[in-house]
2 protein chains.
Amino acid sequence: MSATSTSVNGNGKYKVIGTRPIRPDGVDKVTGRALYGIDMNLTGMLYGQILRSPHPHARIRGIDTSKAAALEGVRAVVTAKDLPPAGADEVISLVEGTFRLTHLRSNILAGDKVLYQGHSVAAVAATSLHIAEEALRLIEVDYEILPDVVDVVAAMQEDAPLLHDDLTTQEFGEDSGKKSNIASHIQFKLGDLEKGFAESDIIVEEEFNTASVHQGYIESHNATAEWKTDGQLTVWTSTQGAFGVQKQTAGILGIPVSKVKVVPMEIGGGFGGKIPVYLAPQAALLSKLTGRAVKIVMTRTDVFQSTGPTPASYVKVKLGADKTGKLLAAEANIAFAAGAFPGSPIGAGAVCVFSCYDIPNGLVNGYDVVLNKPRSAAYRAPGSTQVNFAVETLVDEIAEKLGMDPIEIRLLNAAEEGMRRVDGAVYPRIGCRETLEQARAHEHYQTPLTGPHRGRGIATGFWMNAGLKSTVTASVNEDGTVNLMEGSTDIGGSRASIAMQFAEVLGLPAEAINPMVGDTSSVGYTELTGGSRVTFATGWAAYEAANEVKRILITKAALYWEAKVEEVRFEDGDFIHASDPEKRLSFKELASHLVDLGGPVVGTGAVDPDSGVGGSFTTCLADVEVDPETGKVKILRFTMVQDAGTAIHPSYVEGQMQGGSAQGIGWALNEEYFYSEGRMKNASFLDYRMPTCLDLPMIETVIVEVPHPQHPFGVRGVGEASIVPPPAAIANAIYDAVGVRLRDLPMRPDRIFSACLEKQAATVAT
Amino acid sequence: MSATSTSVNGNGKYKVIGTRPIRPDGVDKVTGRALYGIDMNLTGMLYGQILRSPHPHARIRGIDTSKAAALEGVRAVVTAKDLPPAGADEVISLVEGTFRLTHLRSNILAGDKVLYQGHSVAAVAATSLHIAEEALRLIEVDYEILPDVVDVVAAMQEDAPLLHDDLTTQEFGEDSGKKSNIASHIQFKLGDLEKGFAESDIIVEEEFNTASVHQGYIESHNATAEWKTDGQLTVWTSTQGAFGVQKQTAGILGIPVSKVKVVPMEIGGGFGGKIPVYLAPQAALLSKLTGRAVKIVMTRTDVFQSTGPTPASYVKVKLGADKTGKLLAAEANIAFAAGAFPGSPIGAGAVCVFSCYDIPNGLVNGYDVVLNKPRSAAYRAPGSTQVNFAVETLVDEIAEKLGMDPIEIRLLNAAEEGMRRVDGAVYPRIGCRETLEQARAHEHYQTPLTGPHRGRGIATGFWMNAGLKSTVTASVNEDGTVNLMEGSTDIGGSRASIAMQFAEVLGLPAEAINPMVGDTSSVGYTELTGGSRVTFATGWAAYEAANEVKRILITKAALYWEAKVEEVRFEDGDFIHASDPEKRLSFKELASHLVDLGGPVVGTGAVDPDSGVGGSFTTCLADVEVDPETGKVKILRFTMVQDAGTAIHPSYVEGQMQGGSAQGIGWALNEEYFYSEGRMKNASFLDYRMPTCLDLPMIETVIVEVPHPQHPFGVRGVGEASIVPPPAAIANAIYDAVGVRLRDLPMRPDRIFSACLEKQAATVAT
C-alpha cells in the first residue's frame, strides 16, 4: 500500500527528520531472517500446551491430571495450585493501571472458577507438540456450569450472574461495598450541565452499541521460558514491552523482577494486545518443574478466545447546541465490557468522548463492567473509537438539522489551545482545527460525489499521547557510526524514527546509526511500546543521548587540539576550534581519532516526559456506496488527515494512518465477536471478517504538522488516532447515501438492509 | 583444586571487595546451559571446513576447486582470490601492535605461498560437515616445495630460506632495506654496560632455548558468520575481545567496522590465543556467497598446527655482580620465533628480562624472527617466561657461587618504587620485595627438604598490567538490583570481580548486581580481555558507572524529599537528608520509589587508564624429586606468592595463580612443539603432554596486597604473572636435587638423564 501524501511542513528546518530512509530491520524481515518468538528454539526444549475452558462460566470442582502426567513424553502438568497464593488486596502497578494480583493469576491459571470460554485451566509440557495436545485430552476437569452473561448492559443489572464473589463497585474511587459486576464507576463534570441544556436550541440523544473486536495481529502469542536452578528465569517472547512482561511475570510468579530477564523478539503486530502476559508464567512453571526450556504458542482460536479484544460498549450521549451550531452541553453514559476481570480503558473513553470540542458544560459517567468474555486488552487508542462513534454521529445529526456543513460545525466547536476538557485537562497547542481545515481544502472534499446510493461522511477523532520512561544508550564506533541500544520494542518502524532523531542532533546521516532493541538486562528501564509514545519519548531519550555524545565529543576535540573545552563548538555537523576555524573535524574524522583520546564515547538518555495533554487529532473523509439489495457497503474513497506534530519519517506516519484507517473500517463494517450461548462462534480468520486489501480503496493521507510544544523536535505520537473516526465517518456516509442512521457496530449488511426496510416502511406509512 | 591462601590484607576497609561470592555464570556452566561458540546454530546454517597446507613452505602454482564445487551438498569454495587485494603498506593497528594487512589476509587464506604446515589454503561450505570434509579432498593444489626453517637461530642466518620476498629488517624502528627473516631488531640501554661489567667481581653468561608451546585452551576455535544482503555481517565466536575480532574481520574483508557485529559467546579458555581471528573471515566470505549462515570449528590438530603457540626463543644473558651479590650489569640478546608473520612479543620480552632487579647498567637486543611455524600468538605474560628462565637461572648461579641464600640475593637487588628499568620506565609503588619476604617467611621455605635427589628452587617473575579502553553501563532495577553490561569477555571470573567493584561503591551486596557481557553493538568500545587488564580497567569503568549512578540517585533522593541536591549525602549505603537525618533511604528503598521520580537511572563508565608501569610480581617455591634412572621430575610441593594489589575476589586470584603455575610447570617439564622435517609431530593432546591434575601437587597460594596507587581500589592485574617463574624455579630445584643446570625447555626426562650422565662422566674424568 503506497500513499498519496501531502505534508504541510516545508520549513526545511531539519536535515534528517522528514526524510524517508530505508528501515534498518527491512532486509531481515523481507528475507525471512528476522527472529520472531516462535523462532526461538533451545536445546532440549519442551513444547507446552494450554487446556482451556469450553464453558463461559463454571465452578471447577476438581481437576485430575494423573492420566495426562502418565502419558509417555509428558514431563509436567501445572494448574492454579502451582501458582503462589495471592492475598485479596495484593496489587501490581502497571502503566495501564493497578491490578489485583489474584485477578492476573486467575487469568493465567483459573482457580475455583472459569470465567470465559478459553480461560486457561491447566498447562502441559511434553517432548512434542502432539504429545502435549494429546495430554490435554487426558486432563479431566469436573465443571459445575453456572449462568453466564456476555452483554455489558445485562451484566450491570442487579440480577445478573456475578463473576466475582469479592468484587464491589469502586464508586468515584471509594469502595461502595456493593457486590456487582460493575467494577468501577467514574465521573467527570464541567460547568453547569442543566443550564447548558436549558440554553440549547437543539438537543439530540441516542444510544449506541459496539461489539468486541480483536486487534487481529498476524503473529499469535508465544513465550519460551527457561528457569534455571539458580532461580534466574529467562523469557523470550513477542511483546510490546519487555519490562512489562518482566513485571507481570515476576508478580504472577511471586519472585523479584531482577530474577526475570525478558528478551523481546521481533513482533508481528500488537496494537495494544501484546501488553498483557498470557503464556510466560505457565511456560516458566513448566520449565521450573522440568529443568528444560518450554515454548508455548497459541493457535488463532486461542488468540481470539483467550486474549484481549477491545471492550464491547454501550454508550448513551446527549448533546445540546444553539441555533448557530455552537455546542453548549454534553452528557455521556459509557459502559465498557472489561471481560472477566476489571480493567477496561473506561478512563480513556471518558476523557476522549468530548475531547474534540470546546463544550462548556459536560457530564460523563463511565462504568467498568466484568462479564463472561476474555479479559479485554488495549487496542489502538483504547476506548476512544467506541465513544467517538456516538458523538460524531450526533454532531452530524445536529449539523443536518441546522443545515450546516459538517466540517463547518466542527470548526465552529473545534478544540483549541487553552480549552478545558471535561476531565479538567487544559490543552496546549494542538492541531484539531488544522486537520479540519486540511480536510475541507482537500480535493477529495472539494470534488462532488455523484451517483445513486452514494454518500460522504466526515468525522474527527482524538487520542492522547503517553510520555513514560525510556532509555537509549549510544556508543560511537571508530568509523563514525553509532550503535543505539533502545528499550522500546519496534512495531511500526521506531528503530528508524528514534535513530533519525539521534542523527539529527549530530548532523549524521540516518544510515550512520545502527539501532537495536535490547532485553531487560541490557538496556535501561523502558516502558511499553504503546500510547503512541515511542517516537515521542524514546526519540526524546535519543535526543538526550545524542547531546551527551556531543558534549563528550567536544571535550575530545579539545583534547585533540590541546585546546580548552570552551574553545570548541559544534556547528553544521562539525566540531570547530572557535579561535582557529581552520581546525575543523567532522563527526567521522573525530571518531577516527578517538582511539587516542581516552575512554570510549558512550552517551545515555533516560527520560520520563510528562505525557502532555496535547495528543493527536485526525479528521477523515469517507465516500461509500450502499447496495440497497444486500446492505453491503463499498468504500469508494477514503482520506485521513492527521496532526503528526513533526513527522520524523513521513512514510511510517502514513503507514500508521493507513493501518489505523484499515482497522477502523473493519471495526465499522465487519468485525465482531459473534456470541451464542456465551460462546464465540467465529474464532478464526475465516469467520471473523477483517478487511483485506481487496475490501479497501487506496487510503489517502495528509500529514498536518503542528509541532508538539513540549518535545525537542515537536513530535506527536501518531500510532493510534487514525483508528478513531472511521466508524463514525462511514456511519455518516451511509446516512448520506441511503438515509439511515446506524447506531450499532459493526454496520453489517443485514443491519443496513433492515434499517433501509424500516425506513421504507416508515415512509410508506406516513 | 582448592587453595591454601594467606592474604596479608586485613584492614577491613571494604565490605564486598575481598569476599568470595558465587560466580554469576557458575550455574550455567556446571549445568551445561552456557552457550559456547560451537553451540551456535542458525536455521539453514552451512558447515565450513578449511583446507590446510601439508607443507611447511611451498609456492602455490595453482588451485583447482572445480571438483569440490561440483560435489553435491557443497555450496561454496573460497580461496585467497576472494579476499580484497591489500597494498603492501596497508596496516591495521591493534592493541598488540601494528600489522600489515597483507600478512593478516595471507594467514587467513594463503596467497602465492604457504608458510607453515597447517596454513589455510581454501575454505568450503556444505550442507553437512562430512560433505565439507569430503570436498577438501577434492581440491587440487599444485605445490612447489621450498626449503623450510623452523629454528629461530637458523632462521636469522643470512643463508636461511626467506619466507617473505618483501620483508626487510626494521632496525630500531627504521627500515634497514635489508631482506631477512629478522622482521625487527629493537634495543634498550641503561647506564654504562662496560663499566658495570668491569666493576663486577663475578660474571655469568649462558645461552638458553625454549620450545614453542601452546596455550592449550580446552575449547577449540570457532566462528559462525552470517552476511546479510544489506551488507551487515554478524559473527558469533569465542574470543578474548569482540571489538578486536570486529576490527580484524573488517580489516581483512575490507569493510567498515560498523558493518560487522561480533557476538562473543562463552569462552573455554584463551590465555592470549583467542585474540587473533582464524575463521571468521572465511566463514563470512562463504556466507556472502551462499546467503546462509556458516559455522566453522577447528579440530584439535588444526588448533595446534594453525593457531598461535607462544614463540620459541633463543636467549643469551650475561650478568655481573660484586662480591656482596649486588647486580651491576646485565646484557641480553633475545630472539623470538614470530612464526610465519612478524609480530612476536619481543618488546615485552625485552622489557621484562631484567624487570625484577635494580641493575644500573644494562643492554637488551631483541629480534623478531619469522620462520615456517604458525604465526605466534600471545600466551599469558607473553615473552616474559622465556626470558625469566634465563635470568633467574643465572641469578641462582651467582647466589650459589657467592654462597648466598637465593631469596637474600633477590631481596638485595629487588626492584623498588622509583627504580628505572632498562626500557626507561620508572616504577611506582610495587610489591616485588613483599613477594620475596612472604616467600621467605612461608612455612614452605622454613621447612627443610630432606631425602635423596630432592631439591628446592626459587624464582621471581614480573608481568606488566595493561590499562586500555573499557566501558560499563549500569541500569537500576526497581527491586534494588542493578544490571551491569560490560564489554569484557569473562574468562577468569571477571563478571564477578567487576560487579563487586560496582557493588562496593554503592554499598550493595555482590548478589544485587547482574553482570553481563555485551556484543559490539550493545556496549561501548572495550578492548580485549588480556594484559591482566579487565579487573583493573573494566573494574575501574564499573567504579565510574557506580559513581554516576550514585550522583543520579542523590538527585532522585532530593526529588523524593523535595530537598536540594546539596542537602543529600550518601553514607554507609544509605541516602541521607543532611539536615533531617530521620530521612534515610537505602539503595533498595530509593530504587522502589524511582518509578515516580522521573527517568530511568542509567550510569556509564568509560575509561582508558594509563597502564601504569607497576605491574604484578610473583615469587615461587618449588620442591622436586628427580628420578636419576629416568630423568623424570616429580613436583613435591609448590607455592606461589603474588602481589595482587587489592584482591577483589580472592578465590579467583588464587585460581589465576594456580592456573598460571600449572601452565608454567607444563612449559618447564613437558610441553613443546616437536618438529621433524618442518612438521609438528605431536599435534594432539595425546602426544602434546600437558600436565593433568595427577601430575601436579596442590598449588599453594599466598596473596600479597600492595595496592596499585593509580587504581581507585588499588587493583593490580593478576592473570598472568604466575606463569613466569615456574620454569626457572624448577630448573633451580633440579640443580639443587641432582647438580645439573638445564638450559633448554622443556626439561624433559631425556635431557635431565643425559645431563646427569654427562655430569657423572665429568666427575669420573676429574
# chains A, B, ... in the order shown; residues from 1 in each chain; ligands from 1
$ residues_around --residues "Phe617 in chain B" --least-positions-apart "5" --cutoff "10 Å" --atoms "only C-alpha atoms" --output "ChimeraX atom specification"
/B:355-356,415,430-436,460-464,641-645,704,716,718,720-722,724-725
$ residues_around --residues "Arg300 in chain B" --least-positions-apart "3" --cutoff "12 Å" --atoms "only C-alpha atoms" --output "list in words"
Gly118, His214, Gly216, Tyr217, Ile218, Glu219, Ser220, His221, Asn222, Val297, Val303, Phe304, Gln305, Ser306, Thr307, Asn682, Ala683, Ser684, Phe685, Leu686, Asp687 and Tyr688 of chain B
$ closest_atom_pairs --of "chain A" --to "chain B" --cutoff "9 Å" --atoms "only C-alpha atoms" --output "JSON lines"
{"residue": "A:Val27", "atom": "CA", "partner": "B:Asp230", "partner_atom": "CA", "distance": 6.3}
{"residue": "A:Asp28", "atom": "CA", "partner": "B:Lys228", "partner_atom": "CA", "distance": 7.9}
{"residue": "A:Thr31", "atom": "CA", "partner": "B:Thr229", "partner_atom": "CA", "distance": 8.6}
{"residue": "A:Arg33", "atom": "CA", "partner": "B:Thr43", "partner_atom": "CA", "distance": 8.9}
{"residue": "A:Thr43", "atom": "CA", "partner": "B:Arg33", "partner_atom": "CA", "distance": 8.9}
{"residue": "A:Lys228", "atom": "CA", "partner": "B:Val27", "partner_atom": "CA", "distance": 7.9}
{"residue": "A:Thr229", "atom": "CA", "partner": "B:Val27", "partner_atom": "CA", "distance": 7.1}
{"residue": "A:Asp230", "atom": "CA", "partner": "B:Val27", "partner_atom": "CA", "distance": 6.3}
{"residue": "A:Pro256", "atom": "CA", "partner": "B:Asp479", "partner_atom": "CA", "distance": 6.7}
{"residue": "A:Val257", "atom": "CA", "partner": "B:Asp479", "partner_atom": "CA", "distance": 6.5}
{"residue": "A:Ser258", "atom": "CA", "partner": "B:Thr481", "partner_atom": "CA", "distance": 6.4}
{"residue": "A:Leu468", "atom": "CA", "partner": "B:Gly599", "partner_atom": "CA", "distance": 8.1}
{"residue": "A:Lys469", "atom": "CA", "partner": "B:Gly599", "partner_atom": "CA", "distance": 5.4}
{"residue": "A:Ser470", "atom": "CA", "partner": "B:Pro600", "partner_atom": "CA", "distance": 7.0}
{"residue": "A:Thr471", "atom": "CA", "partner": "B:Pro600", "partner_atom": "CA", "distance": 6.7}
{"residue": "A:Thr473", "atom": "CA", "partner": "B:Ser522", "partner_atom": "CA", "distance": 8.4}
{"residue": "A:Ala474", "atom": "CA", "partner": "B:Gly524", "partner_atom": "CA", "distance": 7.8}
{"residue": "A:Ser475", "atom": "CA", "partner": "B:Gly524", "partner_atom": "CA", "distance": 5.0}
{"residue": "A:Val476", "atom": "CA", "partner": "B:Gly524", "partner_atom": "CA", "distance": 7.3}
{"residue": "A:Asn477", "atom": "CA", "partner": "B:Ser258", "partner_atom": "CA", "distance": 6.8}
{"residue": "A:Glu478", "atom": "CA", "partner": "B:Val257", "partner_atom": "CA", "distance": 7.6}
{"residue": "A:Asp479", "atom": "CA", "partner": "B:Val257", "partner_atom": "CA", "distance": 6.5}
{"residue": "A:Gly480", "atom": "CA", "partner": "B:Ser258", "partner_atom": "CA", "distance": 8.4}
{"residue": "A:Thr481", "atom": "CA", "partner": "B:Ser258", "partner_atom": "CA", "distance": 6.3}
{"residue": "A:Val482", "atom": "CA", "partner": "B:Ser258", "partner_atom": "CA", "distance": 8.0}
{"residue": "A:Asn483", "atom": "CA", "partner": "B:Ser521", "partner_atom": "CA", "distance": 5.6}
{"residue": "A:Leu484", "atom": "CA", "partner": "B:Ser522", "partner_atom": "CA", "distance": 7.6}
{"residue": "A:Met485", "atom": "CA", "partner": "B:Ser522", "partner_atom": "CA", "distance": 6.0}
{"residue": "A:Ala512", "atom": "CA", "partner": "B:Ser258", "partner_atom": "CA", "distance": 8.6}
{"residue": "A:Asn514", "atom": "CA", "partner": "B:Ser521", "partner_atom": "CA", "distance": 7.9}
{"residue": "A:Pro515", "atom": "CA", "partner": "B:Ser521", "partner_atom": "CA", "distance": 8.7}
{"residue": "A:Met516", "atom": "CA", "partner": "B:Ser522", "partner_atom": "CA", "distance": 7.8}
{"residue": "A:Gly518", "atom": "CA", "partner": "B:Ser522", "partner_atom": "CA", "distance": 7.7}
{"residue": "A:Thr520", "atom": "CA", "partner": "B:Asn483", "partner_atom": "CA", "distance": 8.5}
{"residue": "A:Ser521", "atom": "CA", "partner": "B:Asn483", "partner_atom": "CA", "distance": 5.6}
{"residue": "A:Ser522", "atom": "CA", "partner": "B:Met485", "partner_atom": "CA", "distance": 6.0}
{"residue": "A:Val523", "atom": "CA", "partner": "B:Ser475", "partner_atom": "CA", "distance": 6.9}
{"residue": "A:Gly524", "atom": "CA", "partner": "B:Ser475", "partner_atom": "CA", "distance": 5.0}
{"residue": "A:Tyr525", "atom": "CA", "partner": "B:Pro600", "partner_atom": "CA", "distance": 5.5}
{"residue": "A:Thr526", "atom": "CA", "partner": "B:Pro600", "partner_atom": "CA", "distance": 7.4}
{"residue": "A:Val595", "atom": "CA", "partner": "B:Lys469", "partner_atom": "CA", "distance": 8.6}
{"residue": "A:Leu597", "atom": "CA", "partner": "B:Asp608", "partner_atom": "CA", "distance": 8.6}
{"residue": "A:Gly598", "atom": "CA", "partner": "B:Asp608", "partner_atom": "CA", "distance": 5.0}
{"residue": "A:Gly599", "atom": "CA", "partner": "B:Val607", "partner_atom": "CA", "distance": 4.2}
{"residue": "A:Pro600", "atom": "CA", "partner": "B:Tyr525", "partner_atom": "CA", "distance": 5.4}
{"residue": "A:Val601", "atom": "CA", "partner": "B:Ala606", "partner_atom": "CA", "distance": 7.0}
{"residue": "A:Val602", "atom": "CA", "partner": "B:Gly524", "partner_atom": "CA", "distance": 5.9}
{"residue": "A:Gly603", "atom": "CA", "partner": "B:Thr604", "partner_atom": "CA", "distance": 7.7}
{"residue": "A:Thr604", "atom": "CA", "partner": "B:Val602", "partner_atom": "CA", "distance": 7.2}
{"residue": "A:Gly605", "atom": "CA", "partner": "B:Val602", "partner_atom": "CA", "distance": 8.4}
{"residue": "A:Ala606", "atom": "CA", "partner": "B:Gly599", "partner_atom": "CA", "distance": 5.1}
{"residue": "A:Val607", "atom": "CA", "partner": "B:Gly599", "partner_atom": "CA", "distance": 4.2}
{"residue": "A:Asp608", "atom": "CA", "partner": "B:Gly599", "partner_atom": "CA", "distance": 4.4}
{"residue": "A:Pro609", "atom": "CA", "partner": "B:Gly598", "partner_atom": "CA", "distance": 7.7}
$ select_by_dssp --residues "range 434-623 of chain B" --states "alpha helix (DSSP H)" --output "PyMOL selection string"
chain B and resi 434-441+443-446+494-506+539-561+587-593
$ atom_distance --atom1 "CA of Gly659 in chain A" --atom2 "CA of Ala425 in chain A"
28.9 Å
$ closest_residue --among "A:Ala546, A:Leu167, A:Val633, A:Leu696" --to "Ala662 in chain A" --atoms "only C-alpha atoms"
A:Leu696
$ closest_residue --among "A:Arg689, A:Arg637, A:Arg100, A:Lys178" --to "Val213 in chain A" --atoms "only C-alpha atoms"
A:Arg689
$ residues_around --residues "Ala284 in chain B" --least-positions-apart "3" --cutoff "7 Å" --atoms "only C-alpha atoms" --output "list in words"
Ala225, Glu226, Trp227, Ala280, Pro281, Ser287 and Lys288 of chain B
$ closest_residue --among "A:Gly177, A:Pro707, A:Leu289, A:Ile22" --to "Val78 in chain A" --atoms "only C-alpha atoms"
A:Leu289
$ residues_around --residues "Leu101 in chain B" --least-positions-apart "3" --cutoff "8 Å" --atoms "only C-alpha atoms" --output "VMD selection string"
chain B and resid 86 to 92 104 to 105 251 to 252
$ write_last_selection --atoms "all heavy atoms" --output "PDB file, in the first residue's frame"
ATOM      1  N   ALA B  86      45.430  -6.412  -0.907  1.00  0.00           N
ATOM      2  CA  ALA B  86      45.936  -5.458   0.089  1.00  0.00           C
ATOM      3  C   ALA B  86      47.213  -4.846  -0.425  1.00  0.00           C
ATOM      4  O   ALA B  86      48.086  -5.545  -0.927  1.00  0.00           O
ATOM      5  CB  ALA B  86      46.209  -6.175   1.401  1.00  0.00           C
ATOM      6  N   GLY B  87      47.328  -3.548  -0.317  1.00  0.00           N
ATOM      7  CA  GLY B  87      48.568  -2.879  -0.653  1.00  0.00           C
ATOM      8  C   GLY B  87      49.648  -3.284   0.337  1.00  0.00           C
ATOM      9  O   GLY B  87      49.359  -3.637   1.474  1.00  0.00           O
ATOM     10  N   ALA B  88      50.890  -3.256  -0.102  1.00  0.00           N
ATOM     11  CA  ALA B  88      51.995  -3.715   0.739  1.00  0.00           C
ATOM     12  C   ALA B  88      52.106  -2.912   2.021  1.00  0.00           C
ATOM     13  O   ALA B  88      52.553  -3.417   3.043  1.00  0.00           O
ATOM     14  CB  ALA B  88      53.305  -3.629  -0.042  1.00  0.00           C
ATOM     15  N   ASP B  89      51.684  -1.654   1.976  1.00  0.00           N
ATOM     16  CA  ASP B  89      51.864  -0.840   3.177  1.00  0.00           C
ATOM     17  C   ASP B  89      50.549  -0.532   3.895  1.00  0.00           C
ATOM     18  O   ASP B  89      50.504   0.316   4.765  1.00  0.00           O
ATOM     19  CB  ASP B  89      52.610   0.453   2.838  1.00  0.00           C
ATOM     20  CG  ASP B  89      52.076   1.070   1.566  1.00  0.00           C
ATOM     21  OD1 ASP B  89      51.054   0.576   1.050  1.00  0.00           O
ATOM     22  OD2 ASP B  89      52.691   2.047   1.089  1.00  0.00           O
ATOM     23  N   GLU B  90      49.477  -1.256   3.546  1.00  0.00           N
ATOM     24  CA  GLU B  90      48.232  -1.103   4.301  1.00  0.00           C
ATOM     25  C   GLU B  90      48.407  -1.772   5.665  1.00  0.00           C
ATOM     26  O   GLU B  90      48.772  -2.945   5.735  1.00  0.00           O
ATOM     27  CB  GLU B  90      47.098  -1.822   3.559  1.00  0.00           C
ATOM     28  CG  GLU B  90      46.034  -0.914   2.981  1.00  0.00           C
ATOM     29  CD  GLU B  90      44.881  -1.747   2.442  1.00  0.00           C
ATOM     30  OE1 GLU B  90      45.057  -2.418   1.408  1.00  0.00           O
ATOM     31  OE2 GLU B  90      43.828  -1.735   3.092  1.00  0.00           O
ATOM     32  N   VAL B  91      48.145  -1.032   6.716  1.00  0.00           N
ATOM     33  CA  VAL B  91      48.348  -1.619   8.045  1.00  0.00           C
ATOM     34  C   VAL B  91      47.089  -1.488   8.894  1.00  0.00           C
ATOM     35  O   VAL B  91      46.183  -0.710   8.586  1.00  0.00           O
ATOM     36  CB  VAL B  91      49.520  -0.943   8.798  1.00  0.00           C
ATOM     37  CG1 VAL B  91      50.828  -1.175   8.089  1.00  0.00           C
ATOM     38  CG2 VAL B  91      49.247   0.544   8.998  1.00  0.00           C
ATOM     39  N   ILE B  92      47.040  -2.268   9.940  1.00  0.00           N
ATOM     40  CA  ILE B  92      45.930  -2.206  10.885  1.00  0.00           C
ATOM     41  C   ILE B  92      46.532  -2.114  12.280  1.00  0.00           C
ATOM     42  O   ILE B  92      47.481  -2.838  12.599  1.00  0.00           O
ATOM     43  CB  ILE B  92      45.000  -3.436  10.706  1.00  0.00           C
ATOM     44  CG1 ILE B  92      43.787  -3.351  11.622  1.00  0.00           C
ATOM     45  CG2 ILE B  92      45.728  -4.741  10.962  1.00  0.00           C
ATOM     46  CD1 ILE B  92      42.735  -4.407  11.287  1.00  0.00           C
ATOM     47  N   LEU B 104      47.942 -10.333   7.560  1.00  0.00           N
ATOM     48  CA  LEU B 104      46.733 -10.882   8.198  1.00  0.00           C
ATOM     49  C   LEU B 104      45.905 -11.655   7.180  1.00  0.00           C
ATOM     50  O   LEU B 104      45.388 -12.727   7.457  1.00  0.00           O
ATOM     51  CB  LEU B 104      45.887  -9.764   8.812  1.00  0.00           C
ATOM     52  CG  LEU B 104      46.501  -8.978   9.978  1.00  0.00           C
ATOM     53  CD1 LEU B 104      45.435  -8.119  10.650  1.00  0.00           C
ATOM     54  CD2 LEU B 104      47.134  -9.899  11.001  1.00  0.00           C
ATOM     55  N   ARG B 105      45.791 -11.086   5.969  1.00  0.00           N
ATOM     56  CA  ARG B 105      44.984 -11.767   4.942  1.00  0.00           C
ATOM     57  C   ARG B 105      45.643 -13.073   4.495  1.00  0.00           C
ATOM     58  O   ARG B 105      44.975 -14.088   4.311  1.00  0.00           O
ATOM     59  CB  ARG B 105      44.778 -10.834   3.739  1.00  0.00           C
ATOM     60  CG  ARG B 105      43.792  -9.738   4.067  1.00  0.00           C
ATOM     61  CD  ARG B 105      43.536  -8.802   2.899  1.00  0.00           C
ATOM     62  NE  ARG B 105      42.730  -7.683   3.383  1.00  0.00           N
ATOM     63  CZ  ARG B 105      42.590  -6.524   2.758  1.00  0.00           C
ATOM     64  NH1 ARG B 105      43.182  -6.315   1.594  1.00  0.00           N
ATOM     65  NH2 ARG B 105      41.842  -5.564   3.289  1.00  0.00           N
ATOM     66  N   GLY B 251      38.925  -5.384   8.738  1.00  0.00           N
ATOM     67  CA  GLY B 251      40.154  -5.063   8.030  1.00  0.00           C
ATOM     68  C   GLY B 251      40.483  -6.103   6.972  1.00  0.00           C
ATOM     69  O   GLY B 251      40.807  -5.776   5.829  1.00  0.00           O
ATOM     70  N   ILE B 252      40.384  -7.366   7.346  1.00  0.00           N
ATOM     71  CA  ILE B 252      40.722  -8.447   6.404  1.00  0.00           C
ATOM     72  C   ILE B 252      39.739  -8.462   5.239  1.00  0.00           C
ATOM     73  O   ILE B 252      40.125  -8.697   4.097  1.00  0.00           O
ATOM     74  CB  ILE B 252      40.752  -9.794   7.162  1.00  0.00           C
ATOM     75  CG1 ILE B 252      41.977  -9.837   8.080  1.00  0.00           C
ATOM     76  CG2 ILE B 252      40.737 -10.979   6.191  1.00  0.00           C
ATOM     77  CD1 ILE B 252      41.960 -10.932   9.116  1.00  0.00           C
TER      78      ILE B 252
END
$ closest_residue --among "B:Ala647, B:Met404, B:Val626, B:Leu636" --to "Ala737 in chain B" --atoms "only C-alpha atoms"
B:Val626
$ atom_distance --atom1 "CA of His453 in chain B" --atom2 "CA of Pro628 in chain B"
7.6 Å
$ residues_around --residues "range 125-134 of chain A" --least-positions-apart "2" --cutoff "6 Å" --atoms "only C-alpha atoms" --output "ChimeraX atom specification"
/A:46-49,73-76,136-137
